[in-house]
file run27.cif (mmCIF, C-alpha atoms)
data_upload
loop_
_atom_site.label_atom_id
_atom_site.label_comp_id
_atom_site.auth_asym_id
_atom_site.auth_seq_id
_atom_site.Cartn_x
_atom_site.Cartn_y
_atom_site.Cartn_z
CA MET F 1 0.00 0.00 0.00
CA ALA F 2 1.19 3.52 -0.74
CA SER F 3 2.39 5.71 2.09
CA ILE F 4 3.82 9.19 2.59
CA ASP F 5 7.51 9.50 3.42
CA GLU F 6 7.48 12.45 5.83
CA SER F 7 11.27 12.79 5.61
CA LYS F 8 10.88 14.10 2.05
CA GLN F 9 9.79 17.61 1.19
CA PHE F 10 6.60 18.19 -0.82
CA ILE F 11 7.31 19.51 -4.33
CA PRO F 12 4.51 21.63 -5.77
CA LEU F 13 3.73 21.07 -9.43
CA ASN F 14 2.25 23.46 -11.98
CA ILE F 15 -1.07 21.93 -13.01
CA ALA F 16 -3.37 23.19 -15.77
CA VAL F 17 -7.07 22.30 -15.80
CA LEU F 18 -9.08 22.15 -19.02
CA THR F 19 -12.84 21.71 -19.01
CA VAL F 20 -14.23 20.38 -22.27
CA SER F 21 -17.84 21.45 -22.62
CA ASP F 22 -20.23 23.14 -25.01
CA THR F 23 -22.41 24.37 -22.15
CA ARG F 24 -20.16 25.45 -19.27
CA ALA F 25 -18.59 28.77 -18.33
CA LEU F 26 -16.13 29.35 -15.49
CA ALA F 27 -18.98 30.51 -13.25
CA ASP F 28 -20.80 27.14 -13.44
CA ASP F 29 -17.90 24.77 -14.10
CA LYS F 30 -18.20 22.53 -11.04
CA SER F 31 -15.85 19.83 -12.33
CA GLY F 32 -13.03 22.22 -13.21
CA GLN F 33 -13.53 24.00 -9.89
CA THR F 34 -13.40 20.68 -8.03
CA LEU F 35 -10.01 19.92 -9.59
CA ALA F 36 -8.68 23.44 -9.03
CA ASP F 37 -9.76 23.42 -5.38
CA ARG F 38 -8.22 20.01 -4.73
CA LEU F 39 -4.88 20.67 -6.39
CA LEU F 40 -4.52 24.00 -4.59
CA ALA F 41 -5.45 22.42 -1.25
CA ALA F 42 -2.76 19.79 -1.85
CA GLY F 43 -0.15 22.56 -2.26
CA HIS F 44 0.22 22.58 -6.04
CA HIS F 45 -0.03 25.64 -8.31
CA LEU F 46 -2.90 26.22 -10.75
CA ALA F 47 -0.83 27.02 -13.84
CA ALA F 48 -3.87 27.70 -16.05
CA ARG F 49 -7.57 27.00 -16.26
CA GLU F 50 -9.64 27.15 -19.41
CA ILE F 51 -12.87 25.93 -20.95
CA VAL F 52 -13.01 24.78 -24.54
CA THR F 53 -15.85 23.40 -26.66
CA ASP F 54 -16.12 19.75 -27.65
CA ASP F 55 -14.05 20.25 -30.79
CA VAL F 56 -10.99 18.13 -31.61
CA GLU F 57 -8.87 20.98 -32.99
CA ALA F 58 -9.83 23.41 -30.23
CA ILE F 59 -8.93 20.85 -27.57
CA ARG F 60 -5.63 19.98 -29.28
CA ALA F 61 -4.67 23.64 -29.60
CA VAL F 62 -4.90 24.19 -25.84
CA ILE F 63 -3.18 20.90 -24.98
CA ARG F 64 -0.34 21.54 -27.45
CA ARG F 65 0.18 25.01 -26.00
CA TRP F 66 0.39 23.61 -22.49
CA ILE F 67 2.70 20.76 -23.55
CA ALA F 68 5.08 23.37 -25.02
CA ASP F 69 4.87 25.57 -21.91
CA SER F 70 7.74 24.90 -19.49
CA GLY F 71 5.49 26.33 -16.75
CA VAL F 72 3.03 23.42 -17.03
CA ASP F 73 4.00 20.04 -15.55
CA VAL F 74 0.59 18.36 -15.58
CA VAL F 75 -2.65 18.78 -17.52
CA ILE F 76 -5.94 17.46 -16.21
CA THR F 77 -8.98 17.60 -18.46
CA THR F 78 -12.57 17.06 -17.44
CA GLY F 79 -15.36 16.26 -19.87
CA GLY F 80 -15.79 14.75 -23.29
CA THR F 81 -14.85 11.18 -22.34
CA GLY F 82 -18.25 9.58 -22.94
CA PHE F 83 -19.79 8.06 -26.05
CA THR F 84 -22.08 10.76 -27.41
CA GLY F 85 -21.36 12.39 -30.73
CA ARG F 86 -19.83 15.47 -29.09
CA ASP F 87 -17.51 13.49 -26.75
CA VAL F 88 -14.13 13.79 -28.48
CA THR F 89 -11.56 14.37 -25.74
CA PRO F 90 -9.75 11.01 -26.17
CA GLU F 91 -9.74 11.42 -29.96
CA ALA F 92 -8.25 14.89 -29.57
CA ILE F 93 -5.59 14.08 -27.00
CA GLU F 94 -4.50 10.46 -27.38
CA PRO F 95 -2.72 11.09 -30.72
CA LEU F 96 -0.53 13.61 -28.85
CA PHE F 97 0.69 11.01 -26.35
CA GLU F 98 4.27 9.84 -26.70
CA LYS F 99 3.48 7.17 -24.12
CA ARG F 100 0.07 5.93 -22.97
CA MET F 101 -0.64 5.33 -19.31
CA ASP F 102 -3.02 2.38 -19.50
CA GLY F 103 -2.83 1.81 -15.73
CA PHE F 104 -4.54 5.14 -15.08
CA SER F 105 -7.67 4.07 -16.93
CA ILE F 106 -7.69 0.74 -15.12
CA ALA F 107 -7.23 2.33 -11.70
CA PHE F 108 -9.88 4.95 -12.45
CA HIS F 109 -12.40 2.31 -13.50
CA MET F 110 -11.68 0.24 -10.39
CA LEU F 111 -12.39 3.26 -8.17
CA SER F 112 -15.41 4.25 -10.18
CA HIS F 113 -16.85 0.72 -10.21
CA ALA F 114 -16.81 0.67 -6.41
CA LYS F 115 -19.02 3.79 -6.42
CA ILE F 116 -21.22 3.57 -9.51
CA GLY F 117 -20.96 -0.07 -10.54
CA THR F 118 -21.02 -1.03 -14.17
CA SER F 119 -21.90 2.51 -15.23
CA THR F 120 -18.14 3.14 -15.14
CA ILE F 121 -17.88 1.58 -18.61
CA GLN F 122 -19.51 4.71 -20.01
CA SER F 123 -16.25 6.63 -19.46
CA ARG F 124 -13.18 6.60 -21.65
CA ALA F 125 -10.87 8.10 -19.01
CA THR F 126 -7.33 8.06 -20.38
CA ALA F 127 -3.86 9.37 -19.65
CA GLY F 128 -0.40 9.65 -21.11
CA VAL F 129 2.78 11.66 -21.39
CA ALA F 130 3.66 14.17 -24.11
CA GLY F 131 6.58 16.56 -24.15
CA ALA F 132 7.50 15.76 -20.53
CA THR F 133 3.96 16.72 -19.49
CA TYR F 134 1.59 14.34 -17.77
CA ILE F 135 -1.94 14.46 -19.21
CA PHE F 136 -4.97 12.97 -17.46
CA CYS F 137 -8.45 12.96 -19.00
CA LEU F 138 -11.31 12.58 -16.54
CA PRO F 139 -15.08 12.47 -17.08
CA GLY F 140 -17.05 15.68 -16.75
CA SER F 141 -18.79 15.09 -13.42
CA PRO F 142 -17.58 16.57 -10.12
CA GLY F 143 -17.81 13.10 -8.57
CA ALA F 144 -15.53 11.59 -11.20
CA CYS F 145 -13.08 14.46 -10.71
CA ARG F 146 -13.10 13.90 -6.93
CA ASP F 147 -12.54 10.17 -7.43
CA GLY F 148 -9.73 10.70 -9.93
CA TRP F 149 -7.96 13.28 -7.77
CA ASP F 150 -8.53 11.76 -4.34
CA GLY F 151 -8.04 8.15 -5.39
CA ILE F 152 -5.13 8.40 -7.83
CA LEU F 153 -3.70 11.80 -8.69
CA ALA F 154 -3.21 13.26 -5.22
CA ALA F 155 -0.82 10.44 -4.30
CA GLN F 156 0.90 10.05 -7.66
CA LEU F 157 1.56 13.80 -7.94
CA ASP F 158 3.08 13.89 -4.44
CA TYR F 159 6.85 13.39 -4.37
CA ARG F 160 6.60 11.88 -0.90
CA THR F 161 4.41 8.94 -1.98
CA ARG F 162 6.09 5.57 -1.66
CA PRO F 163 6.86 3.14 -3.16
CA CYS F 164 6.86 5.39 -6.24
CA ASN F 165 5.23 8.47 -7.80
CA PHE F 166 5.20 10.47 -11.01
CA VAL F 167 7.16 13.41 -9.60
CA GLU F 168 10.37 11.47 -9.03
CA ILE F 169 10.61 10.44 -12.68
CA MET F 170 9.82 13.87 -14.15
CA PRO F 171 13.47 14.77 -14.85
CA ARG F 172 13.76 11.70 -17.08
CA LEU F 173 10.48 11.91 -19.02
CA ASP F 174 12.04 13.34 -22.15
CA GLU F 175 15.62 12.10 -21.82
CA HIS F 176 15.27 10.17 -25.09
CA LEU F 177 14.39 13.40 -26.91
CA ARG F 178 16.93 15.65 -25.18
CA ARG F 179 14.45 18.46 -24.83
CA PRO F 180 14.98 21.17 -22.26
CA LYS F 181 11.63 20.99 -20.46
CA ALA F 182 12.42 18.24 -17.96
CA GLN F 183 16.16 19.00 -17.78
CA GLY F 184 15.40 21.94 -15.53
CA ALA F 185 13.53 19.78 -13.04
CA THR F 186 15.08 19.73 -9.62
CA VAL F 187 13.45 16.59 -8.27
#
call {"tool": "encode", "arguments": {"input": "run27.cif", "output": "structure tokens"}}
result
Amino acid sequence: MASIDESKQFIPLNIAVLTVSDTRALADDKSGQTLADRLLAAGHHLAAREIVTDDVEAIRAVIRRWIADSGVDVVITTGGTGFTGRDVTPEAIEPLFEKRMDGFSIAFHMLSHAKIGTSTIQSRATAGVAGATYIFCLPGSPGACRDGWDGILAAQLDYRTRPCNFVEIMPRLDEHLRRPKAQGATV
């Protein structure tokens, strides 16, 4: 079981939150606000927060900008992971992944199944790494965002989590590409 190594210092990350929705604005974006509140409460920095419509190119434009931004370590999206015609978040983002994180989807569905049963299969939650940036795509409900953050991301984005976490490998994410983004990491 994972535990926190109190002898290590917490390292705050710069996390961007993207809500994918045709109907939400910042004022009524409960899912994006849930993620922003939780990451700030954990001690991380909200690097950016935006809302974009359910449009493949619009989603990709924001994600590409954040991947290229050395001030963004992690991107978390909410929305657009279902099966309706407008749900295109995985189609927009997965082609950008250099490496997929299949375990995230599995872990998310295990958590979700414990709460909502077989309805979890209606989500295409996904994750991966692109340009030394972690990208996590969560469903568009506040409950799913709470589950994803509380049950997976809070621990994996905490350098003190043992036996392992995403923060400790950040300096090596793009070593094969020799890009400068992760070379400046001090972890």
call {"tool": "resolve_selection", "arguments": {"input": "run27.cif", "expression": "the PyMOL selection byres ((chain F and resi 131) around 8)", "output": "PyMOL selection string"}}
result
chain F and resi 67-68+98+129-130+132-133+173-174+181
call {"tool": "closest_residue", "arguments": {"input": "run27.cif", "among": "F:Thr161, F:Thr34, F:Ser70, F:Ser21", "to": "F:Asp55", "atoms": "all atoms listed in the file"}}
result
F:Ser21
call {"tool": "closest_atom_pairs", "arguments": {"input": "run27.cif", "of": "stretch 15-94 of chain F", "to": "stretch 101-107 of chain F", "cutoff": "12 Å", "atoms": "only C-alpha atoms", "output": "JSON lines"}}
result
{"residue": "F:Thr81", "atom": "CA", "partner": "F:Ser105", "partner_atom": "CA", "distance": 11.5}
{"residue": "F:Pro90", "atom": "CA", "partner": "F:Ser105", "partner_atom": "CA", "distance": 11.7}
{"residue": "F:Glu94", "atom": "CA", "partner": "F:Met101", "partner_atom": "CA", "distance": 10.3}
call {"tool": "closest_atom_pairs", "arguments": {"input": "run27.cif", "of": "stretch 27-85 of chain F", "to": "stretch 137-153 of chain F", "cutoff": "8 Å", "atoms": "all atoms listed in the file", "output": "tab-separated table"}}
result
residue	atom	partner	partner_atom	distance
F:Lys30	CA	F:Pro142	CA	6.1
F:Ser31	CA	F:Pro142	CA	4.3
F:Gly32	CA	F:Pro142	CA	7.9
F:Thr34	CA	F:Pro142	CA	6.2
F:Leu35	CA	F:Cys145	CA	6.4
F:Arg38	CA	F:Trp149	CA	7.4
F:Ile76	CA	F:Cys137	CA	5.9
F:Thr77	CA	F:Cys137	CA	4.7
F:Thr78	CA	F:Gly140	CA	4.7
F:Gly79	CA	F:Gly140	CA	3.6
F:Gly80	CA	F:Pro139	CA	6.7
F:Thr81	CA	F:Pro139	CA	5.4
F:Gly82	CA	F:Pro139	CA	7.3
call {"tool": "residues_around", "arguments": {"input": "run27.cif", "residues": "F:His109", "least_positions_apart": "6", "cutoff": "9 Å", "atoms": "all atoms listed in the file", "output": "ChimeraX atom specification"}}
result
/F:120-121,123,125
call {"tool": "closest_residue", "arguments": {"input": "run27.cif", "among": "F:Ala2, F:Ala114, F:Ala154, F:Ala58", "to": "F:Ile15", "atoms": "all atoms listed in the file"}}
result
F:Ala154
